>>> print(open('protein25.cif').read())   # mmCIF, C-alpha atoms
data_query
loop_
_atom_site.label_atom_id
_atom_site.label_comp_id
_atom_site.auth_asym_id
_atom_site.auth_seq_id
_atom_site.Cartn_x
_atom_site.Cartn_y
_atom_site.Cartn_z
CA MET A 1 17.23 -16.33 20.53
CA ASN A 2 13.85 -17.86 21.24
CA ALA A 3 10.85 -17.66 18.91
CA ALA A 4 9.08 -15.01 21.00
CA ALA A 5 12.12 -12.71 20.78
CA ARG A 6 12.32 -13.24 17.02
CA LEU A 7 8.61 -12.42 16.81
CA VAL A 8 9.18 -9.11 18.61
CA GLU A 9 11.92 -8.23 16.11
CA LEU A 10 9.70 -9.21 13.19
CA LEU A 11 6.77 -7.14 14.47
CA GLU A 12 9.04 -4.13 14.94
CA ARG A 13 10.53 -4.56 11.45
CA ASN A 14 7.05 -4.79 9.93
CA ALA A 15 6.01 -1.64 11.77
CA ARG A 16 8.99 0.21 10.24
CA ILE A 17 7.98 -1.00 6.77
CA TYR A 18 4.42 0.23 7.26
CA GLU A 19 5.74 3.57 8.55
CA ASP A 20 7.78 3.83 5.35
CA LEU A 21 4.70 2.96 3.32
CA ALA A 22 2.69 5.71 5.04
CA ARG A 23 5.45 8.25 4.30
CA ILE A 24 5.50 7.20 0.65
CA CYS A 25 1.72 7.59 0.46
CA ASP A 26 2.09 11.15 1.77
CA LYS A 27 4.70 11.88 -0.90
CA GLU A 28 2.49 10.20 -3.50
CA GLN A 29 -0.37 12.55 -2.66
CA LEU A 30 1.92 15.55 -3.14
CA ALA A 31 3.12 14.16 -6.47
CA VAL A 32 -0.47 13.72 -7.67
CA GLN A 33 -1.37 17.25 -6.59
CA ALA A 34 1.69 18.59 -8.41
CA CYS A 35 0.99 16.40 -11.48
CA ASP A 36 4.56 15.10 -11.17
CA LEU A 37 4.23 11.83 -13.06
CA SER A 38 7.93 10.92 -12.93
CA ARG A 39 7.94 11.32 -9.14
CA LEU A 40 4.73 9.31 -8.92
CA ASP A 41 6.38 6.54 -10.93
CA GLU A 42 9.39 6.55 -8.58
CA LEU A 43 7.12 6.34 -5.55
CA MET A 44 5.16 3.45 -7.05
CA LYS A 45 8.43 1.56 -7.51
CA GLU A 46 9.32 2.23 -3.86
CA LYS A 47 5.90 0.93 -2.79
CA GLU A 48 6.47 -2.22 -4.86
CA LYS A 49 9.78 -2.80 -3.06
CA LEU A 50 8.06 -2.40 0.29
CA ALA A 51 5.34 -4.82 -0.80
CA LEU A 52 8.03 -7.42 -1.56
CA LYS A 53 9.53 -6.86 1.88
CA LEU A 54 6.10 -7.37 3.44
CA ILE A 55 5.58 -10.59 1.49
CA THR A 56 8.92 -11.89 2.73
CA ALA A 57 8.10 -10.81 6.28
CA GLU A 58 4.72 -12.56 6.08
CA LYS A 59 6.39 -15.81 5.05
CA THR A 60 8.80 -15.45 7.95
CA ARG A 61 5.96 -14.66 10.35
CA SER A 62 3.97 -17.65 9.16
CA GLY A 63 6.91 -19.99 9.76
CA LEU A 64 7.58 -18.44 13.13
CA MET A 65 3.95 -18.79 14.16
CA GLU A 66 4.04 -22.46 13.16
CA GLU A 67 7.13 -22.94 15.33
CA ILE A 68 5.49 -21.19 18.27
CA ALA A 69 2.22 -23.07 17.78
CA VAL A 70 3.99 -26.43 17.81
CA SER A 71 5.76 -25.58 21.05
CA MET A 72 2.41 -24.49 22.56
CA LYS A 73 0.55 -27.47 21.03
CA ARG A 74 -1.85 -25.07 19.30
CA ASP A 75 -3.03 -24.27 15.80
CA ALA A 76 -0.98 -21.44 14.27
CA ALA A 77 -4.05 -19.97 12.56
CA THR A 78 -5.88 -19.37 15.84
CA ILE A 79 -3.12 -18.43 18.25
CA THR A 80 -3.05 -14.81 19.41
CA LEU A 81 -0.24 -12.51 20.45
CA ALA A 82 -1.71 -12.33 23.96
CA GLU A 83 -1.57 -16.13 24.21
CA ILE A 84 2.05 -16.12 23.07
CA ALA A 85 2.85 -13.41 25.62
CA ALA A 86 1.20 -15.51 28.35
CA SER A 87 3.14 -18.66 27.40
CA PRO A 88 6.26 -19.67 29.37
CA GLU A 89 8.44 -18.70 26.40
CA GLY A 90 6.76 -15.31 25.98
CA ARG A 91 6.31 -14.19 29.59
CA ALA A 92 9.71 -12.55 29.81
CA LEU A 93 8.89 -10.53 26.70
CA LYS A 94 5.20 -9.96 27.41
CA ALA A 95 5.40 -6.15 27.50
CA LYS A 96 7.59 -6.01 24.40
CA LEU A 97 5.38 -8.45 22.48
CA LEU A 98 2.18 -6.59 23.28
CA ALA A 99 3.75 -3.18 22.64
CA ALA A 100 5.20 -4.34 19.31
CA GLY A 101 1.84 -5.82 18.29
CA GLY A 102 -0.04 -2.66 19.28
CA HIS A 103 2.44 -0.43 17.47
CA LEU A 104 2.23 -2.59 14.35
CA ASN A 105 -1.58 -2.43 14.36
CA SER A 106 -1.49 1.33 14.77
CA VAL A 107 0.97 1.99 11.92
CA LEU A 108 -0.73 -0.60 9.72
CA ASN A 109 -4.05 1.22 10.10
CA ALA A 110 -2.43 4.59 9.42
CA ALA A 111 -0.71 3.22 6.30
CA ARG A 112 -3.97 1.65 5.12
CA GLU A 113 -5.83 4.95 5.53
CA ARG A 114 -3.16 6.89 3.67
CA SER A 115 -2.96 4.28 0.94
CA ASP A 116 -6.75 4.29 0.52
CA PHE A 117 -6.73 8.08 0.33
CA SER A 118 -3.94 8.01 -2.28
CA ARG A 119 -5.82 5.44 -4.32
CA ARG A 120 -8.97 7.58 -4.27
CA LEU A 121 -6.97 10.71 -5.14
CA ILE A 122 -5.30 8.99 -8.08
CA GLY A 123 -8.66 7.60 -9.22
CA ARG A 124 -10.19 11.08 -9.16
CA ALA A 125 -7.23 12.49 -11.04
CA LEU A 126 -7.62 9.83 -13.72
CA ASP A 127 -11.36 10.49 -13.93
CA THR A 128 -10.58 14.19 -14.41
CA ILE A 129 -8.10 13.39 -17.17
CA VAL A 130 -10.61 11.14 -18.94
CA GLU A 131 -13.32 13.78 -18.69
CA THR A 132 -10.91 16.44 -19.99
CA ILE A 133 -10.03 14.23 -22.96
CA ARG A 134 -13.72 13.59 -23.61
CA CYS A 135 -14.48 17.32 -23.55
CA ALA A 136 -11.49 18.17 -25.71
CA ASN A 137 -12.56 15.49 -28.15
CA ALA A 138 -16.08 16.97 -28.26
CA LEU A 139 -14.66 20.43 -28.96
CA THR A 140 -12.67 19.07 -31.88
CA GLY A 141 -15.61 17.20 -33.40
CA GLY A 142 -14.66 13.72 -32.22
CA GLU A 143 -16.82 11.06 -30.62
CA THR A 144 -18.28 12.02 -27.22
CA SER A 145 -20.97 9.46 -26.49
CA THR A 146 -18.71 6.85 -24.90
CA TYR A 147 -17.35 7.47 -21.42
CA SER A 148 -14.54 5.18 -20.47
CA SER A 149 -12.25 5.11 -17.49
CA ASN A 150 -9.55 3.77 -19.76
CA VAL A 151 -7.54 6.84 -20.77
CA LYS A 152 -5.71 4.96 -23.51
CA THR A 153 -8.99 3.94 -25.17
CA MET A 154 -10.30 7.51 -25.08
CA GLY A 155 -7.03 8.81 -26.45
CA ASN A 156 -7.19 6.31 -29.32
CA LYS A 157 -10.65 7.57 -30.35
CA MET A 158 -9.39 11.12 -30.75
CA ARG A 159 -8.61 12.16 -34.30
CA SER A 160 -4.89 12.46 -34.84
CA GLY A 161 -3.46 15.99 -34.83
CA VAL A 162 -6.76 17.73 -34.13
CA MET A 163 -5.82 19.14 -30.75
CA VAL A 164 -2.53 20.53 -31.99
CA THR A 165 -4.14 22.06 -35.09
CA ARG A 166 -7.08 23.61 -33.24
CA SER A 167 -5.02 24.92 -30.33
CA CYS A 168 -2.60 26.90 -32.54
#
>>> encode(input="protein25.cif", output="C-alpha cells")
Amino acid sequence: MNAAARLVELLERNARIYEDLARICDKEQLAVQACDLSRLDELMKEKEKLALKLITAEKTRSGLMEEIAVSMKRDAATITLAEIAASPEGRALKAKLLAAGGHLNSVLNAARERSDFSRRLIGRALDTIVETIRCANALTGGETSTYSSNVKTMGNKMRSGVMVTRSC
C-alpha cells in the first residue's frame, strides 16, 4: 500500500477518534448537569485514552508526511493535502484524500466546540461549588473575605464539623 493510501486510512481513523471524543463530550455535559461525579470521572478516563490514541496517530502522521515529502522532494511541514492529492502517487486517491481531509476537519471542529463547551460548563460548575462553599462558610461564621477557585483550599478554611452541626 502506498503512502497516500495509508494517509487516507490514517485520516479516516483520526476522524473516528474525534467523533468518539465529541460523543464523550456530549455525555460529559449530561454528567455535569446531573452532578454525576463518578460518571464524569469515567468519561475523563475515556477522553485520556482517546488523547493517547491521537498522540500515537500524530506520530504516525508525522512519519508518513516525511515519507511523502521525501518522495515529492518537499518539506513535510509545508506540504498540503491538495498537493499530495495532485502528486502522481496521490492522483488515484485524490477524491478519497480530499474527502477524508474535509471530514477530519469537520469532525475536529465539532469535537473542539463540544470540548470547549464542556470545559466552560465544568468551570462554571466549579465556580458555583466554590461560591456555595464560601456562602456556607459565611453562614457558619468562617472566613469569607478570600475567594479562591481552588475548592480544596476553600474547604480547608472551613471550620471542622460546623456544617454538620448547624444543619441538624
>>> resolve_selection(input="protein25.cif", expression="the PyMOL selection byres ((chain A and resi 25-40) around 12)", output="number ranges by chain")
A: 18-24, 41-47, 50, 110-126, 129
>>> residues_around(input="protein25.cif", residues="Arg61 (chain A)", least_positions_apart="2", cutoff="12 Å", atoms="all atoms listed in the file", output="number ranges by chain")
A: 3-4, 6-14, 54-59, 63-69, 76-77
>>> write_last_selection(input="protein25.cif", atoms="C-alpha atoms", output="tab-separated table (two decimals), in the frame of the given file")
chain	number	residue	atom	x	y	z
A	3	ALA	CA	10.85	-17.66	18.91
A	4	ALA	CA	9.08	-15.01	21.00
A	6	ARG	CA	12.32	-13.24	17.02
A	7	LEU	CA	8.61	-12.42	16.81
A	8	VAL	CA	9.18	-9.11	18.61
A	9	GLU	CA	11.92	-8.23	16.11
A	10	LEU	CA	9.70	-9.21	13.19
A	11	LEU	CA	6.77	-7.14	14.47
A	12	GLU	CA	9.04	-4.13	14.94
A	13	ARG	CA	10.53	-4.56	11.45
A	14	ASN	CA	7.05	-4.79	9.93
A	54	LEU	CA	6.10	-7.37	3.44
A	55	ILE	CA	5.58	-10.59	1.49
A	56	THR	CA	8.92	-11.89	2.73
A	57	ALA	CA	8.10	-10.81	6.28
A	58	GLU	CA	4.72	-12.56	6.08
A	59	LYS	CA	6.39	-15.81	5.05
A	63	GLY	CA	6.91	-19.99	9.76
A	64	LEU	CA	7.58	-18.44	13.13
A	65	MET	CA	3.95	-18.79	14.16
A	66	GLU	CA	4.04	-22.46	13.16
A	67	GLU	CA	7.13	-22.94	15.33
A	68	ILE	CA	5.49	-21.19	18.27
A	69	ALA	CA	2.22	-23.07	17.78
A	76	ALA	CA	-0.98	-21.44	14.27
A	77	ALA	CA	-4.05	-19.97	12.56
>>> resolve_selection(input="protein25.cif", expression="the PyMOL selection byres ((chain A and resi 94) around 12)", output="JSON, numbers by chain")
{"A": [4, 5, 7, 8, 81, 82, 83, 84, 85, 86, 87, 88, 89, 90, 91, 92, 93, 95, 96, 97, 98, 99, 100, 101]}
>>> atom_distance(input="protein25.cif", atom1="CA of Thr60 (chain A)", atom2="CA of Thr80 (chain A)")
16.5 Å
>>> residues_near_point(input="protein25.cif", point="(4.9, 1.9, 14.6)", cutoff="7 Å", atoms="only C-alpha atoms", output="VMD selection string")
chain A and resid 15 to 16 19 103 to 104 106 to 107
>>> atom_distance(input="protein25.cif", atom1="CA of Gly102 (chain A)", atom2="CA of Ile17 (chain A)")
15.0 Å
>>> atom_distance(input="protein25.cif", atom1="CA of Ser71 (chain A)", atom2="CA of Asn105 (chain A)")
25.2 Å
>>> build_atoms(input="protein25.cif", residues="region 43-54 of chain A", atoms="all heavy atoms", output="mmCIF file, in the coordinates of the input")
data_model
loop_
_atom_site.group_PDB
_atom_site.id
_atom_site.type_symbol
_atom_site.label_atom_id
_atom_site.label_comp_id
_atom_site.auth_asym_id
_atom_site.auth_seq_id
_atom_site.Cartn_x
_atom_site.Cartn_y
_atom_site.Cartn_z
ATOM 1 N N LEU A 43 7.764 6.717 -6.803
ATOM 2 C CA LEU A 43 7.120 6.340 -5.550
ATOM 3 C C LEU A 43 6.403 5.003 -5.677
ATOM 4 O O LEU A 43 6.411 4.195 -4.739
ATOM 5 C CB LEU A 43 6.163 7.437 -5.091
ATOM 6 C CG LEU A 43 6.837 8.753 -4.700
ATOM 7 C CD1 LEU A 43 5.802 9.854 -4.531
ATOM 8 C CD2 LEU A 43 7.659 8.582 -3.437
ATOM 9 N N MET A 44 5.810 4.745 -6.826
ATOM 10 C CA MET A 44 5.160 3.450 -7.050
ATOM 11 C C MET A 44 6.184 2.322 -6.997
ATOM 12 O O MET A 44 5.924 1.259 -6.442
ATOM 13 C CB MET A 44 4.422 3.442 -8.388
ATOM 14 C CG MET A 44 3.241 4.386 -8.460
ATOM 15 S SD MET A 44 1.974 4.059 -7.229
ATOM 16 C CE MET A 44 1.266 2.590 -7.901
ATOM 17 N N LYS A 45 7.358 2.565 -7.549
ATOM 18 C CA LYS A 45 8.430 1.560 -7.510
ATOM 19 C C LYS A 45 8.873 1.313 -6.069
ATOM 20 O O LYS A 45 9.125 0.179 -5.677
ATOM 21 C CB LYS A 45 9.598 1.983 -8.388
ATOM 22 C CG LYS A 45 9.280 1.894 -9.859
ATOM 23 C CD LYS A 45 10.414 2.423 -10.711
ATOM 24 C CE LYS A 45 10.004 2.396 -12.179
ATOM 25 N NZ LYS A 45 10.973 3.040 -13.049
ATOM 26 N N GLU A 46 8.957 2.381 -5.272
ATOM 27 C CA GLU A 46 9.320 2.230 -3.860
ATOM 28 C C GLU A 46 8.256 1.421 -3.120
ATOM 29 O O GLU A 46 8.587 0.573 -2.291
ATOM 30 C CB GLU A 46 9.485 3.607 -3.204
ATOM 31 C CG GLU A 46 10.741 4.343 -3.622
ATOM 32 C CD GLU A 46 10.880 5.681 -2.913
ATOM 33 O OE1 GLU A 46 10.595 5.753 -1.699
ATOM 34 O OE2 GLU A 46 11.272 6.655 -3.578
ATOM 35 N N LYS A 47 6.988 1.682 -3.426
ATOM 36 C CA LYS A 47 5.900 0.930 -2.790
ATOM 37 C C LYS A 47 5.976 -0.552 -3.176
ATOM 38 O O LYS A 47 5.725 -1.423 -2.345
ATOM 39 C CB LYS A 47 4.538 1.509 -3.180
ATOM 40 C CG LYS A 47 4.212 2.802 -2.439
ATOM 41 C CD LYS A 47 2.945 3.452 -2.937
ATOM 42 C CE LYS A 47 1.704 2.683 -2.632
ATOM 43 N NZ LYS A 47 0.471 3.424 -3.010
ATOM 44 N N GLU A 48 6.328 -0.834 -4.421
ATOM 45 C CA GLU A 48 6.470 -2.220 -4.860
ATOM 46 C C GLU A 48 7.584 -2.917 -4.080
ATOM 47 O O GLU A 48 7.440 -4.083 -3.691
ATOM 48 C CB GLU A 48 6.726 -2.289 -6.356
ATOM 49 C CG GLU A 48 5.512 -1.946 -7.192
ATOM 50 C CD GLU A 48 5.807 -1.813 -8.676
ATOM 51 O OE1 GLU A 48 6.968 -2.024 -9.100
ATOM 52 O OE2 GLU A 48 4.868 -1.492 -9.424
ATOM 53 N N LYS A 49 8.680 -2.221 -3.845
ATOM 54 C CA LYS A 49 9.780 -2.800 -3.060
ATOM 55 C C LYS A 49 9.333 -3.097 -1.638
ATOM 56 O O LYS A 49 9.661 -4.146 -1.073
ATOM 57 C CB LYS A 49 10.985 -1.851 -3.042
ATOM 58 C CG LYS A 49 11.709 -1.754 -4.358
ATOM 59 C CD LYS A 49 12.844 -0.744 -4.284
ATOM 60 C CE LYS A 49 13.474 -0.517 -5.633
ATOM 61 N NZ LYS A 49 14.500 0.534 -5.602
ATOM 62 N N LEU A 50 8.572 -2.171 -1.057
ATOM 63 C CA LEU A 50 8.060 -2.400 0.290
ATOM 64 C C LEU A 50 7.083 -3.570 0.313
ATOM 65 O O LEU A 50 7.073 -4.358 1.270
ATOM 66 C CB LEU A 50 7.385 -1.139 0.843
ATOM 67 C CG LEU A 50 8.306 0.030 1.156
ATOM 68 C CD1 LEU A 50 7.494 1.231 1.632
ATOM 69 C CD2 LEU A 50 9.345 -0.351 2.190
ATOM 70 N N ALA A 51 6.288 -3.696 -0.727
ATOM 71 C CA ALA A 51 5.340 -4.820 -0.800
ATOM 72 C C ALA A 51 6.104 -6.145 -0.823
ATOM 73 O O ALA A 51 5.690 -7.109 -0.160
ATOM 74 C CB ALA A 51 4.458 -4.685 -2.031
ATOM 75 N N LEU A 52 7.208 -6.193 -1.543
ATOM 76 C CA LEU A 52 8.030 -7.420 -1.560
ATOM 77 C C LEU A 52 8.600 -7.713 -0.178
ATOM 78 O O LEU A 52 8.642 -8.868 0.249
ATOM 79 C CB LEU A 52 9.145 -7.300 -2.599
ATOM 80 C CG LEU A 52 8.702 -7.321 -4.054
ATOM 81 C CD1 LEU A 52 9.891 -7.062 -4.977
ATOM 82 C CD2 LEU A 52 8.042 -8.647 -4.403
ATOM 83 N N LYS A 53 9.028 -6.671 0.515
ATOM 84 C CA LYS A 53 9.530 -6.860 1.880
ATOM 85 C C LYS A 53 8.433 -7.400 2.788
ATOM 86 O O LYS A 53 8.681 -8.260 3.634
ATOM 87 C CB LYS A 53 10.061 -5.541 2.456
ATOM 88 C CG LYS A 53 11.376 -5.097 1.883
ATOM 89 C CD LYS A 53 11.834 -3.803 2.541
ATOM 90 C CE LYS A 53 13.142 -3.332 1.975
ATOM 91 N NZ LYS A 53 13.609 -2.092 2.633
ATOM 92 N N LEU A 54 7.219 -6.899 2.617
ATOM 93 C CA LEU A 54 6.100 -7.370 3.440
ATOM 94 C C LEU A 54 5.737 -8.814 3.125
ATOM 95 O O LEU A 54 5.389 -9.574 4.026
ATOM 96 C CB LEU A 54 4.885 -6.456 3.262
ATOM 97 C CG LEU A 54 5.017 -5.088 3.910
ATOM 98 C CD1 LEU A 54 3.874 -4.176 3.474
ATOM 99 C CD2 LEU A 54 5.053 -5.209 5.427
#
